[in-house]
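Please read the structure below before turning to the comments.
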Amino acid sequence: MTPTTIWGAALDEVRTRVGSISQVARAEEMTFTQGPARGTRVIRVETGGGLCVDVLPDRALDLGAMTFRGVPLSWIAPPGFGHPALASQRGTDWLRMFGGGMLTTCGLDAYGPPSIDDGGTEYPMHGRISSTSATVTRVEVAAEEIVVEGEVRQARVFGENLVLRRKITAPLGGTSLRIEDVVTNEAHQPSGHMILYHCNLGWPLVSEHAELEIPSNSLSPRDADAARGVATWHTLTGPQPDYAEQVFRHDFRDLATAYVSVDNAQQNTRLELRFDTTTLPALHQWKMLGEGHYVLGLEPTNVDWSRGRVAAEEDGVLPVLQPGESASYVLEFSAGVSRSEPHRSGSKVKQ
């Protein structure tokens, strides 16, 4: 294990040079006071290695703004991070509460377009979990890492009872953040379970000067708009007027290591996303390079599906958790300096 260092000094030495470790690394619990986010909790994590991220307990312990050495990495959507009490969980109303940020969790029983089954059960766009508040059980700057833990329950009477237990860790002095999730079916009947990790990268990391790498087995376009852009799926351009979003589905099954990255030499910044393909065998790439909506989505998922919950069940691809059964997921974000030479020719891919 690499010894912990902060600003070039070993942790033992650091403690002789500061009055409190919070001088260089911290996990501060705060509350937004203005606008639709008023009353919403935030835990600001600063590692002491240049990585800073907002953890949002009232958005299922998702991740809001993330920066590395002051460079913004995540995209913030126009609605911002409104209080979950304002959320409507019907149809496509998710779009009115989608704040973007580095991570928005979609699920736990559905993601994709809204649908209604024969019994009248409604599955809104991208599920309900991202507008559900967490019970935070731990916020600690421990001996060698910062830890945030909590529990988020999605349940209804005569329906699902799915519990997400999330642990977020970041090494002191480090530039990475690890998310370990366990989803458990605590109902007494089987429950469909779909999850998608909607990771949203934005400018200035994402630009025409950035390189995108997604070393998957194969890819397929979601629809006609994506099919028209399949030859340049890996190319990042500047913002374009009237841009139609494109979504590409990447297969990561049986790959020992899954990682994707955006590297921007102009900003001297690189962000990698790694995930466990055992339970996250696919990734959906959301390419949205429009004016005002300029974002690259990198979205690991437990089922390679884009037509919603009801269609997944009808086609026999819906993952199901039995009573008491759990599924585990691991993602890691790692920031660092660029590995590329400055260029102006778009992106490349390793495939």
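The chains in the structure tokens are called A, B, ... from first to last as shown; in each chain the residues are counted from 1, and the ligands are counted from 1 in the order shown.
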
Pick out the residues sitting within 7 Å of Val337 (chain A), and hand them over as a CSV table (one decimal) with N, CA, C and O atoms, in the first residue's frame; count only C-alpha atoms, and ignore anything fewer than 4 positions along from it in its own chain.
chain,number,residue,atom,x,y,z
A,268,ASN,N,-4.6,20.0,-19.1
A,268,ASN,CA,-3.6,19.1,-18.4
A,268,ASN,C,-4.4,18.3,-17.3
A,268,ASN,O,-4.0,18.2,-16.2
A,269,THR,N,-5.5,17.8,-17.7
A,269,THR,CA,-6.4,17.1,-16.8
A,269,THR,C,-7.0,15.8,-17.5
A,269,THR,O,-7.3,15.8,-18.7
A,270,ARG,N,-7.0,14.8,-16.7
A,270,ARG,CA,-7.6,13.5,-17.1
A,270,ARG,C,-8.5,12.9,-16.1
A,270,ARG,O,-8.2,13.0,-14.9

Counting only C-alpha atoms, which residues in region 146-217 of chain A sit no more than 10 Å from region 313-318 of chain A? For each one, give the nearest pair of atoms and the distance in Å, sorted by chain then residue number, as CSV.
residue,atom,partner,partner_atom,distance
A:Ser191,CA,A:Leu318,CA,9.8
A:Gly192,CA,A:Leu318,CA,6.4
A:His193,CA,A:Leu318,CA,7.2
A:Met194,CA,A:Leu318,CA,7.3

Env of Pro281 (chain A): 9 Å cut, atoms = only C-alpha atoms, seq-sep filter 5 positions within chain, self excluded. Answer as a short mmCIF file (atom, residue, chain, number, x, y, z; two decimals) with N, CA, C and O atoms, in the first residue's frame.
data_model
loop_
_atom_site.label_atom_id
_atom_site.label_comp_id
_atom_site.auth_asym_id
_atom_site.auth_seq_id
_atom_site.Cartn_x
_atom_site.Cartn_y
_atom_site.Cartn_z
N HIS A 250 -22.29 0.19 -25.14
CA HIS A 250 -21.00 -0.51 -25.17
C HIS A 250 -21.07 -1.78 -24.34
O HIS A 250 -21.52 -1.77 -23.19
N ASP A 251 -20.59 -2.87 -24.92
CA ASP A 251 -20.57 -4.17 -24.25
C ASP A 251 -19.22 -4.37 -23.56
O ASP A 251 -18.17 -4.31 -24.21
N PHE A 252 -19.25 -4.60 -22.24
CA PHE A 252 -18.02 -4.83 -21.47
C PHE A 252 -17.97 -6.23 -20.87
O PHE A 252 -17.12 -6.49 -20.01
N ARG A 253 -18.84 -7.12 -21.29
CA ARG A 253 -18.87 -8.46 -20.71
C ARG A 253 -17.53 -9.17 -20.87
O ARG A 253 -16.89 -9.10 -21.92
N ASP A 254 -17.12 -9.86 -19.79
CA ASP A 254 -15.94 -10.74 -19.79
C ASP A 254 -14.61 -9.98 -19.87
O ASP A 254 -13.55 -10.62 -19.98
N LEU A 255 -14.62 -8.67 -19.80
CA LEU A 255 -13.37 -7.93 -19.75
C LEU A 255 -12.88 -7.88 -18.32
O LEU A 255 -13.64 -7.58 -17.39
N ALA A 258 -12.55 -2.84 -16.62
CA ALA A 258 -13.34 -1.90 -17.39
C ALA A 258 -12.95 -0.49 -16.97
O ALA A 258 -13.02 -0.14 -15.79
N ASP A 276 -16.74 -2.44 -12.09
CA ASP A 276 -16.68 -3.89 -12.01
C ASP A 276 -17.64 -4.49 -13.03
O ASP A 276 -18.86 -4.34 -12.92
N PRO A 300 -22.32 3.27 -16.66
CA PRO A 300 -22.31 1.83 -16.43
C PRO A 300 -23.69 1.34 -15.96
O PRO A 300 -24.39 2.05 -15.22
N THR A 301 -24.07 0.13 -16.38
CA THR A 301 -25.39 -0.38 -16.05
C THR A 301 -25.37 -1.89 -15.87
O THR A 301 -24.51 -2.58 -16.42
N ASN A 302 -26.36 -2.39 -15.11
CA ASN A 302 -26.43 -3.83 -14.85
C ASN A 302 -27.15 -4.59 -15.95
O ASN A 302 -27.15 -5.82 -15.93
N VAL A 303 -27.78 -3.89 -16.90
CA VAL A 303 -28.45 -4.56 -18.01
C VAL A 303 -28.37 -3.65 -19.23
O VAL A 303 -28.69 -2.46 -19.15
N ASP A 304 -27.91 -4.19 -20.35
CA ASP A 304 -27.71 -3.40 -21.55
C ASP A 304 -29.06 -3.21 -22.24
O ASP A 304 -29.42 -3.95 -23.16
#

Q. Do you know which residues are at most 10 Å from Thr132 (chain A) counting only C-alpha atoms, after dropping those on the same chain fewer than 5 positions away, and could you put them as a ChimeraX atom specification?
A. /A:57-61,83-85,87,152-154

Can I get the selection written as a CSV table (one decimal), in the first residue's frame, with N, CA, C and O atoms?
chain,number,residue,atom,x,y,z
A,57,PRO,N,-26.6,14.0,0.1
A,57,PRO,CA,-27.5,13.0,0.8
A,57,PRO,C,-28.9,13.0,0.4
A,57,PRO,O,-29.6,12.0,0.5
A,58,ASP,N,-29.4,14.2,0.1
A,58,ASP,CA,-30.8,14.3,-0.3
A,58,ASP,C,-31.1,13.9,-1.8
A,58,ASP,O,-32.2,14.0,-2.3
A,59,ARG,N,-30.0,13.5,-2.4
A,59,ARG,CA,-30.1,13.0,-3.8
A,59,ARG,C,-29.5,11.6,-3.8
A,59,ARG,O,-28.6,11.3,-4.6
A,60,ALA,N,-29.9,10.8,-2.8
A,60,ALA,CA,-29.4,9.4,-2.8
A,60,ALA,C,-27.9,9.2,-2.6
A,60,ALA,O,-27.3,8.2,-3.0
A,61,LEU,N,-27.3,10.2,-2.0
A,61,LEU,CA,-25.8,10.2,-1.8
A,61,LEU,C,-25.1,10.2,-3.2
A,61,LEU,O,-24.0,9.7,-3.3
A,83,HIS,N,-34.5,20.5,-4.0
A,83,HIS,CA,-34.9,19.6,-2.8
A,83,HIS,C,-35.8,18.5,-3.3
A,83,HIS,O,-36.7,18.7,-4.1
A,84,PRO,N,-35.6,17.3,-2.8
A,84,PRO,CA,-36.5,16.2,-3.3
A,84,PRO,C,-38.0,16.4,-3.0
A,84,PRO,O,-38.8,15.7,-3.6
A,85,ALA,N,-38.3,17.2,-2.0
A,85,ALA,CA,-39.7,17.5,-1.8
A,85,ALA,C,-40.4,18.1,-3.0
A,85,ALA,O,-41.7,18.0,-3.1
A,87,ALA,N,-39.9,17.1,-6.1
A,87,ALA,CA,-39.8,16.2,-7.2
A,87,ALA,C,-41.2,15.6,-7.5
A,87,ALA,O,-42.0,15.3,-6.6
A,152,VAL,N,-30.3,4.3,1.5
A,152,VAL,CA,-31.4,4.9,0.8
A,152,VAL,C,-32.4,3.8,0.5
A,152,VAL,O,-32.1,2.8,-0.1
A,153,ARG,N,-33.7,4.0,0.9
A,153,ARG,CA,-34.7,3.0,0.7
A,153,ARG,C,-35.8,3.5,-0.3
A,153,ARG,O,-36.3,4.5,-0.2
A,154,GLN,N,-36.0,2.6,-1.3
A,154,GLN,CA,-37.1,2.8,-2.2
A,154,GLN,C,-38.2,1.8,-1.9
A,154,GLN,O,-38.0,0.6,-2.2

Find the residues of region 172-256 of chain A that sit at most 7 Å from region 28-51 of chain A; for each, write down the nearest two atoms and how far apart they are in Å, to one decimal. Count only C-alpha atoms. Sort by chain, then by number going up, and give it as CSV.
residue,atom,partner,partner_atom,distance
A:Leu172,CA,A:Thr47,CA,5.1
A:Gly173,CA,A:Gly49,CA,4.1
A:Gly174,CA,A:Gly49,CA,4.8
A:Thr175,CA,A:Leu51,CA,5.3

Please save all heavy atoms of the selected residues as a PDB file, in the first residue's frame.
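In the end it all went to part.pdb:
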ATOM      1  N   LEU A 172      -6.829  10.013   1.807  1.00  0.00           N
ATOM      2  CA  LEU A 172      -6.226  11.292   2.169  1.00  0.00           C
ATOM      3  C   LEU A 172      -5.023  11.552   1.276  1.00  0.00           C
ATOM      4  O   LEU A 172      -4.162  10.696   1.099  1.00  0.00           O
ATOM      5  CB  LEU A 172      -5.793  11.284   3.630  1.00  0.00           C
ATOM      6  CG  LEU A 172      -6.899  11.334   4.690  1.00  0.00           C
ATOM      7  CD1 LEU A 172      -6.292  11.296   6.082  1.00  0.00           C
ATOM      8  CD2 LEU A 172      -7.760  12.572   4.519  1.00  0.00           C
ATOM      9  N   GLY A 173      -4.972  12.737   0.703  1.00  0.00           N
ATOM     10  CA  GLY A 173      -3.884  13.076  -0.193  1.00  0.00           C
ATOM     11  C   GLY A 173      -4.033  12.503  -1.585  1.00  0.00           C
ATOM     12  O   GLY A 173      -3.184  12.747  -2.446  1.00  0.00           O
ATOM     13  N   GLY A 174      -5.106  11.757  -1.835  1.00  0.00           N
ATOM     14  CA  GLY A 174      -5.282  11.087  -3.109  1.00  0.00           C
ATOM     15  C   GLY A 174      -6.094  11.893  -4.100  1.00  0.00           C
ATOM     16  O   GLY A 174      -6.575  12.992  -3.812  1.00  0.00           O
ATOM     17  N   THR A 175      -6.266  11.303  -5.277  1.00  0.00           N
ATOM     18  CA  THR A 175      -7.021  11.952  -6.348  1.00  0.00           C
ATOM     19  C   THR A 175      -8.103  11.027  -6.885  1.00  0.00           C
ATOM     20  O   THR A 175      -8.505  11.140  -8.045  1.00  0.00           O
ATOM     21  CB  THR A 175      -6.086  12.375  -7.492  1.00  0.00           C
ATOM     22  OG1 THR A 175      -5.460  11.207  -8.054  1.00  0.00           O
ATOM     23  CG2 THR A 175      -5.017  13.328  -6.991  1.00  0.00           C
TER      24      THR A 175
END

Tell me which protein, DNA and RNA residues are within 12 Å of Phe158 (chain A), counting only C-alpha atoms, leaving out same-chain ones fewer than 5 positions away, and put them as a short mmCIF file (atom, residue, chain, number, x, y, z; two decimals) with N, CA and C atoms, in the first residue's frame.
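File written: result.cif
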data_model
loop_
_atom_site.label_atom_id
_atom_site.label_comp_id
_atom_site.auth_asym_id
_atom_site.auth_seq_id
_atom_site.Cartn_x
_atom_site.Cartn_y
_atom_site.Cartn_z
N THR A 121 -49.01 -0.22 -12.70
CA THR A 121 -47.83 0.28 -12.00
C THR A 121 -47.01 1.16 -12.93
N ALA A 187 -38.11 -6.99 0.41
CA ALA A 187 -39.51 -7.40 0.32
C ALA A 187 -39.61 -8.92 0.45
N HIS A 188 -40.82 -9.43 0.51
CA HIS A 188 -41.04 -10.86 0.63
C HIS A 188 -41.45 -11.49 -0.69
N GLN A 189 -41.20 -10.77 -1.77
CA GLN A 189 -41.45 -11.30 -3.10
C GLN A 189 -40.34 -10.82 -4.03
N SER A 191 -38.22 -8.98 -6.89
CA SER A 191 -38.32 -7.59 -7.34
C SER A 191 -37.41 -7.37 -8.53
#

Give me the residues of region 97-173 of chain A that have any atom at most 10 Å from an atom of region 327-331 of chain A; for each, the nearest atom pair and the distance in Å, rounded to one decimal. Use only C-alpha atoms, sort by chain and number, and format it as CSV.
residue,atom,partner,partner_atom,distance
A:Leu164,CA,A:Ala327,CA,9.6
A:Arg165,CA,A:Ser328,CA,9.5
A:Arg166,CA,A:Tyr329,CA,9.6
A:Lys167,CA,A:Val330,CA,9.8
A:Ile168,CA,A:Leu331,CA,9.8

Restricting the output to all heavy atoms, write the selected residues as a compact mmCIF listing (two decimals), in the first residue's frame.
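In the end it all went to part.txt:
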# COMPACT_ATOMS: atom_id res chain seq x y z
N LEU A 164 -30.62 0.63 -0.93
CA LEU A 164 -29.28 0.90 -1.42
C LEU A 164 -28.41 1.32 -0.25
O LEU A 164 -28.71 2.32 0.43
CB LEU A 164 -29.32 2.02 -2.47
CG LEU A 164 -27.98 2.68 -2.85
CD1 LEU A 164 -27.08 1.68 -3.55
CD2 LEU A 164 -28.21 3.91 -3.73
N ARG A 165 -27.36 0.55 0.01
CA ARG A 165 -26.37 0.92 1.03
C ARG A 165 -25.09 1.32 0.31
O ARG A 165 -24.49 0.52 -0.40
CB ARG A 165 -26.15 -0.23 2.00
CG ARG A 165 -27.38 -0.53 2.84
CD ARG A 165 -27.21 -1.68 3.81
NE ARG A 165 -28.39 -1.80 4.68
CZ ARG A 165 -29.46 -2.53 4.38
NH1 ARG A 165 -29.51 -3.21 3.23
NH2 ARG A 165 -30.50 -2.59 5.21
N ARG A 166 -24.71 2.59 0.50
CA ARG A 166 -23.60 3.17 -0.27
C ARG A 166 -22.46 3.57 0.65
O ARG A 166 -22.68 4.20 1.70
CB ARG A 166 -24.10 4.39 -1.06
CG ARG A 166 -23.01 5.17 -1.78
CD ARG A 166 -23.60 6.12 -2.81
NE ARG A 166 -24.12 5.35 -3.96
CZ ARG A 166 -24.74 5.91 -5.00
NH1 ARG A 166 -24.94 7.23 -5.03
NH2 ARG A 166 -25.16 5.16 -5.99
N LYS A 167 -21.26 3.22 0.24
CA LYS A 167 -20.03 3.63 0.94
C LYS A 167 -19.14 4.36 -0.05
O LYS A 167 -18.80 3.82 -1.12
CB LYS A 167 -19.30 2.42 1.51
CG LYS A 167 -18.03 2.78 2.28
CD LYS A 167 -17.37 1.53 2.86
CE LYS A 167 -16.13 1.88 3.68
NZ LYS A 167 -15.47 0.66 4.23
N ILE A 168 -18.76 5.58 0.30
CA ILE A 168 -17.89 6.41 -0.53
C ILE A 168 -16.59 6.62 0.22
O ILE A 168 -16.60 7.05 1.39
CB ILE A 168 -18.55 7.76 -0.85
CG1 ILE A 168 -19.87 7.55 -1.59
CG2 ILE A 168 -17.61 8.64 -1.67
CD1 ILE A 168 -20.69 8.81 -1.75

Q) Taking the backbone alone, and naming residues the way the document does, which bits of region 72-294 of chain A are strand (DSSP E) by DSSP, as an MDAnalysis selection string? A) chainID A and resid 72 104:106 115:116 122:123 135:141 145:155 161:171 176:185 191:192 196:202 210:213 218:221 246:251 258:264 269:275 282:289 294

Q: One decimal, Å: what's the distance from CA of Pro113 (chain A) over to CA of Asp54 (chain A), could you say?
A: 27.7 Å

Residues of region 192-300 of chain A that have any atom at most 10 Å from an atom of region 123-131 of chain A: could you tabulate them with the shortest-distance atom pair and the distance in Å to one decimal, using only C-alpha atoms, ordered by chain and increasing number, as a tab-separated table?
residue	atom	partner	partner_atom	distance
A:Met194	CA	A:Gly127	CA	8.8
A:Ile195	CA	A:His126	CA	8.8
A:Leu196	CA	A:His126	CA	8.3
A:His198	CA	A:His126	CA	9.6

Create the file for the chosen residues now, containing N, CA, C and O atoms and written as a tab-separated table (two decimals), in the first residue's frame.
chain	number	residue	atom	x	y	z
A	194	MET	N	-33.22	-2.68	-11.86
A	194	MET	CA	-32.40	-2.07	-12.90
A	194	MET	C	-31.66	-0.88	-12.30
A	194	MET	O	-32.23	-0.11	-11.54
A	195	ILE	N	-30.40	-0.75	-12.63
A	195	ILE	CA	-29.61	0.38	-12.13
A	195	ILE	C	-28.68	0.87	-13.22
A	195	ILE	O	-28.12	0.08	-14.01
A	196	LEU	N	-28.55	2.19	-13.30
A	196	LEU	CA	-27.65	2.83	-14.26
A	196	LEU	C	-26.99	4.00	-13.55
A	196	LEU	O	-27.66	4.81	-12.90
A	198	HIS	N	-25.43	7.29	-13.96
A	198	HIS	CA	-25.44	8.38	-14.94
A	198	HIS	C	-24.33	9.37	-14.58
A	198	HIS	O	-24.56	10.34	-13.84

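Distance check against Thr184 (chain A) using only C-alpha atoms: of A:Ala25, A:Gly324, A:Ala282, A:Ala335, the minimum falls on A:Gly324.
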
(Q) With DSSP run on the backbone, what are the helix (DSSP H, G or I) residues within region 276-326 of chain A? I'd like them as a PyMOL selection string. (A) chain A and resi 309-314

Q: For CA of Glu145 (chain A) and CA of Gly336 (chain A), quote the distance in Å rounded to one decimal.
A: 18.1 Å

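Distance annotation: of A:Glu186, A:Glu122, A:Glu13, A:Glu299, the residue with the minimal separation from Glu325 (chain A) is A:Glu186; atom set is only C-alpha atoms.
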
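Between Met97 (chain A) and the residues A:Ala226, A:Ala77, A:Leu271, A:Ala110, the shortest atom-to-atom distance, using only C-alpha atoms, involves A:Ala77.
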
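Picture a line from CA of Phe275 (chain A) to CA of Tyr259 (chain A); it runs 6.5 Å.
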
Q: Choose the residue, out of A:Ala210, A:Ala231, A:Ala244, A:Ala134, that has the smallest atom-to-atom separation from Ser340 (chain A); count only C-alpha atoms.
A: A:Ala210
